[in-house]
Amino acid sequence: MTLAELRYLVAVADLSHFGRAAERCGITQPTLSSQLRKLEESLGVPLVERTTRFVSLTPIGADVVAHARRLLEEADQIAELVRHRHGTLTSVLRLGIIPTLSPYILPLLLDRLHQRFPEIRLVLREDLTDNLIAALEAYTLDVLLIALPEQAGEHRAMPLFQEPFWFACPPGHKLSNRPIVTERELVQERLLLLDEGHCLRDQALAVCGDQYRGREGTNDDFRATSLETISEMVAAGIGCTLLPAMAVPHLTERHRRLEVRPLSAARAHRRIGLLWRASFPRGEDLEVFGRFIQDQLPDSVETIEPVSTHQPPAASSSHRARSAPRARQPMPRQ
């Protein structure tokens, strides 16, 4: 059994296709097939079920792949240790990010990241939180940039910033001239929410409290998979919504009829940060990455004092005050 054979097996598991797996590994399909048969012979069990229509893992094959991912990561890190001596963030970093954040933060990061760390190769995957965590635990991603859960479990978490939510409504709405929208006023409104699976949906419901969550229907007939779609619906007068602060400048520029107001509610924010496996050997690199992200943030969010996961935690505090999102001035409109 060799590391190369395990890489071929993992590629087949990821792609469910011998041809694409061989292309990823830089070998021919006959070579990949023969190497996998050699691996099966050495282990004495079938790992892959082959038919003319599909390729799938056997139950024992799935177990072997789970162990192989961990072995391959450790093997890769041996090479990384050597490369790491030449500097920080000098190799591949596989980053998962949620879709309600990526369009608004990535433009602030990517060019500056490659200027600051020219040897980094960032591999991005945008997906829902549960899918990203599953990929992290399957060793197919290195780190996530997400709205952090209350408990990180066995993972390492580095909170980066607190992002307030803003109330968005159509022009002429009864709350469009309020300096601040309160939780009580919010509960009376018809909110358009993202579909199930988006963490922002649950966070928006949490802002409104249990009394809103329990309302019959909760506007299930108006769900969307993007903030862009919901903003279109709000601007058209169909309802109201909550928007994360970093999305507000972009969305109000695209949808000029959108009115936004700050919120006064107990949980009118989300906490964004990095999440990675406790076993990931480049934790110090990720902390550098996290501090780099903090340096690029707009004034519409509160950065959180960085605390090294390699040192005893100290009391954290916010060092950037909340202000209105950067959008068309004046903002918000009075």
# chains A, B, ... in the order shown; residues from 1 in each chain; ligands from 1

call {"tool": "residues_around", "arguments": {"residues": "Ile238 of chain A", "least_positions_apart": "2", "cutoff": "10 Å", "atoms": "only C-alpha atoms", "output": "PyMOL selection string"}}
result
chain A and resi 169-170+190-192+222+230-236+240

call {"tool": "residues_around", "arguments": {"residues": "Ile98 of chain A", "least_positions_apart": "6", "cutoff": "6 Å", "atoms": "only C-alpha atoms", "output": "PyMOL selection string"}}
result
chain A and resi 126-128+146

call {"tool": "write_last_selection", "arguments": {"atoms": "C-alpha atoms", "output": "short mmCIF file (atom, residue, chain, number, x, y, z; two decimals), in the first residue's frame"}}
result
data_model
loop_
_atom_site.label_atom_id
_atom_site.label_comp_id
_atom_site.auth_asym_id
_atom_site.auth_seq_id
_atom_site.Cartn_x
_atom_site.Cartn_y
_atom_site.Cartn_z
CA GLU A 126 -18.95 28.51 -1.62
CA ASP A 127 -21.67 26.46 0.07
CA LEU A 128 -24.11 26.26 2.95
CA ILE A 146 -18.62 31.34 8.30
#

call {"tool": "select_by_dssp", "arguments": {"residues": "segment 106-333 of chain A", "states": "helix (DSSP H, G or I)", "output": "short mmCIF file (atom, residue, chain, number, x, y, z; two decimals) with C-alpha atoms, in the first residue's frame"}}
result
data_model
loop_
_atom_site.label_atom_id
_atom_site.label_comp_id
_atom_site.auth_asym_id
_atom_site.auth_seq_id
_atom_site.Cartn_x
_atom_site.Cartn_y
_atom_site.Cartn_z
CA LEU A 106 -13.92 38.43 -1.15
CA PRO A 107 -13.50 41.58 -3.30
CA LEU A 108 -11.88 43.19 -0.25
CA LEU A 109 -9.45 40.31 0.22
CA LEU A 110 -8.30 38.58 -2.93
CA ASP A 111 -6.05 41.15 -4.63
CA ARG A 112 -4.51 42.27 -1.35
CA LEU A 113 -4.03 38.69 -0.19
CA HIS A 114 -1.97 37.80 -3.24
CA GLN A 115 0.00 41.02 -2.95
CA ARG A 116 0.79 40.30 0.71
CA THR A 129 -22.67 25.96 6.46
CA ASP A 130 -23.61 22.33 7.07
CA ASN A 131 -22.07 21.25 3.77
CA LEU A 132 -18.89 23.19 4.49
CA ILE A 133 -18.51 21.66 7.94
CA ALA A 134 -19.01 18.20 6.43
CA ALA A 135 -16.27 18.97 3.88
CA LEU A 136 -13.98 20.23 6.65
CA GLU A 137 -14.48 17.02 8.61
CA GLU A 183 -37.58 44.43 17.83
CA ARG A 184 -41.24 45.04 18.63
CA GLU A 185 -41.80 46.82 15.31
CA LEU A 186 -39.93 44.10 13.47
CA VAL A 187 -42.16 41.32 14.77
CA CYS A 199 -27.73 30.07 8.54
CA LEU A 200 -28.84 33.65 7.89
CA ARG A 201 -32.46 32.44 7.89
CA ASP A 202 -32.14 31.07 11.42
CA GLN A 203 -30.25 34.17 12.55
CA ALA A 204 -32.99 36.43 11.19
CA LEU A 205 -35.63 34.40 13.02
CA ALA A 206 -33.56 34.64 16.20
CA VAL A 207 -33.56 38.44 15.93
CA CYS A 208 -37.36 38.42 15.80
CA ASP A 210 -39.85 32.99 19.33
CA GLN A 211 -43.08 34.92 18.88
CA TYR A 212 -42.26 35.48 15.19
CA ARG A 213 -40.89 31.96 14.63
CA LEU A 227 -29.79 38.03 -0.94
CA GLU A 228 -29.90 39.47 -4.47
CA THR A 229 -33.27 37.83 -5.13
CA ILE A 230 -34.72 38.86 -1.78
CA SER A 231 -33.58 42.45 -2.33
CA GLU A 232 -35.36 42.47 -5.69
CA MET A 233 -38.55 41.31 -3.99
CA VAL A 234 -38.28 43.90 -1.22
CA ALA A 235 -37.61 46.73 -3.68
CA ALA A 245 -24.10 45.05 7.04
CA MET A 246 -21.42 44.13 4.51
CA ALA A 247 -24.07 43.34 1.90
CA VAL A 248 -25.89 46.68 2.29
CA PRO A 249 -23.64 48.93 0.12
CA HIS A 250 -23.71 46.49 -2.79
CA LEU A 251 -27.43 45.75 -2.61
CA THR A 252 -28.57 49.34 -2.14
CA GLU A 253 -26.44 50.37 -5.10
CA ARG A 254 -28.03 47.71 -7.31
CA GLY A 283 -2.93 26.75 12.79
CA GLU A 284 -0.46 29.63 13.08
CA ASP A 285 -0.84 30.29 9.35
CA LEU A 286 -4.60 30.47 9.79
CA GLU A 287 -4.24 32.97 12.62
CA VAL A 288 -2.12 35.16 10.32
CA PHE A 289 -4.81 34.75 7.66
CA GLY A 290 -7.48 35.78 10.17
CA ARG A 291 -5.59 38.91 11.21
CA PHE A 292 -5.11 39.78 7.54
CA ILE A 293 -8.89 39.55 7.02
CA GLN A 294 -9.46 41.85 9.99
CA ASP A 295 -7.16 44.46 8.49
#

call {"tool": "residues_around", "arguments": {"residues": "His17 of chain A", "least_positions_apart": "5", "cutoff": "10 Å", "atoms": "only C-alpha atoms", "output": "ChimeraX atom specification"}}
result
/A:11-12,22,29,50,53-56

call {"tool": "write_last_selection", "arguments": {"atoms": "C-alpha atoms", "output": "PDB file, in the first residue's frame"}}
result
ATOM      1  CA  ALA A  11      -9.817  10.899  -6.171  1.00  0.00           C
ATOM      2  CA  VAL A  12     -12.253   8.187  -7.275  1.00  0.00           C
ATOM      3  CA  ALA A  22      -7.079   9.899 -13.475  1.00  0.00           C
ATOM      4  CA  GLN A  29      -7.167   5.820 -16.688  1.00  0.00           C
ATOM      5  CA  ARG A  50     -17.477  -0.919 -10.807  1.00  0.00           C
ATOM      6  CA  ARG A  53     -23.056   3.021 -15.377  1.00  0.00           C
ATOM      7  CA  PHE A  54     -21.411   4.220 -12.160  1.00  0.00           C
ATOM      8  CA  VAL A  55     -18.501   3.919  -9.779  1.00  0.00           C
ATOM      9  CA  SER A  56     -19.063   3.777  -6.030  1.00  0.00           C
TER      10      SER A  56
END

call {"tool": "atom_distance", "arguments": {"atom1": "atom CA of Leu39 of chain A", "atom2": "atom CA of Met1 of chain A"}}
result
5.9 Å

call {"tool": "select_by_dssp", "arguments": {"residues": "segment 93-201 of chain A", "states": "strand (DSSP E or B)", "output": "short mmCIF file (atom, residue, chain, number, x, y, z; two decimals) with C-alpha atoms, in the first residue's frame"}}
result
data_model
loop_
_atom_site.label_atom_id
_atom_site.label_comp_id
_atom_site.auth_asym_id
_atom_site.auth_seq_id
_atom_site.Cartn_x
_atom_site.Cartn_y
_atom_site.Cartn_z
CA LEU A 93 -5.17 26.86 1.31
CA ARG A 94 -8.62 25.34 0.72
CA LEU A 95 -11.19 27.83 2.02
CA GLY A 96 -14.92 27.29 2.41
CA ILE A 97 -17.19 30.34 2.66
CA ARG A 121 -2.82 29.42 -3.82
CA LEU A 122 -6.33 29.90 -2.52
CA VAL A 123 -8.89 27.24 -3.48
CA LEU A 124 -12.43 28.50 -2.80
CA ARG A 125 -15.68 26.64 -2.23
CA GLU A 126 -18.95 28.51 -1.62
CA VAL A 143 -10.62 26.25 6.93
CA LEU A 144 -14.06 27.86 6.83
CA LEU A 145 -15.09 31.53 6.89
CA ILE A 146 -18.62 31.34 8.30
CA ALA A 147 -21.04 32.65 10.88
CA HIS A 155 -12.71 22.38 16.04
CA ARG A 156 -10.66 25.53 16.52
CA ALA A 157 -12.48 28.82 16.07
CA MET A 158 -11.10 32.33 15.59
CA PRO A 159 -13.82 35.01 15.82
CA LEU A 160 -12.99 37.88 13.47
CA PHE A 161 -15.84 40.38 13.52
CA GLN A 162 -19.40 41.02 14.55
CA GLU A 163 -21.67 42.03 11.68
CA PRO A 164 -24.90 43.89 12.47
CA PHE A 165 -28.14 43.30 10.60
CA TRP A 166 -30.07 46.12 8.94
CA PHE A 167 -33.78 46.33 8.28
CA ALA A 168 -34.63 46.68 4.58
CA CYS A 169 -38.02 47.74 3.27
CA VAL A 181 -36.30 49.91 13.91
CA THR A 182 -37.02 48.12 17.17
CA LEU A 191 -40.18 39.21 6.48
CA LEU A 193 -36.23 34.95 4.37
CA LEU A 194 -33.67 32.76 2.68
#

call {"tool": "residues_around", "arguments": {"residues": "Asp14 of chain A", "least_positions_apart": "2", "cutoff": "12 Å", "atoms": "only C-alpha atoms", "output": "number ranges by chain"}}
result
A: 7-12, 16-18, 20-22, 24-25, 55-57, 62, 65-66, 69, 135, 138-140

call {"tool": "atom_distance", "arguments": {"atom1": "atom CA of Gly153 of chain A", "atom2": "atom CA of Asp63 of chain A"}}
result
22.8 Å

call {"tool": "closest_atom_pairs", "arguments": {"of": "segment 202-299 of chain A", "to": "segment 171-176 of chain A", "cutoff": "8 Å", "atoms": "only C-alpha atoms", "output": "JSON lines"}}
result
{"residue": "A:Ala235", "atom": "CA", "partner": "A:Pro171", "partner_atom": "CA", "distance": 7.4}
{"residue": "A:Gly237", "atom": "CA", "partner": "A:Pro171", "partner_atom": "CA", "distance": 7.8}
{"residue": "A:Arg257", "atom": "CA", "partner": "A:Pro171", "partner_atom": "CA", "distance": 6.0}
{"residue": "A:Leu258", "atom": "CA", "partner": "A:Pro171", "partner_atom": "CA", "distance": 6.5}
{"residue": "A:Glu259", "atom": "CA", "partner": "A:Pro171", "partner_atom": "CA", "distance": 6.0}
{"residue": "A:Val260", "atom": "CA", "partner": "A:Ser176", "partner_atom": "CA", "distance": 7.3}
{"residue": "A:Arg261", "atom": "CA", "partner": "A:Ser176", "partner_atom": "CA", "distance": 7.2}

call {"tool": "closest_residue", "arguments": {"among": "A:Pro99, A:Gly197, A:Pro179, A:Pro244", "to": "Ser226 of chain A", "atoms": "only C-alpha atoms"}}
result
A:Pro99

call {"tool": "atom_distance", "arguments": {"atom1": "atom CA of Leu275 of chain A", "atom2": "atom CA of Asp299 of chain A"}}
result
23.2 Å

call {"tool": "residues_around", "arguments": {"residues": "Gly44 of chain A", "least_positions_apart": "4", "cutoff": "12 Å", "atoms": "only C-alpha atoms", "output": "ChimeraX atom specification"}}
result
/A:1,36-40,60-61
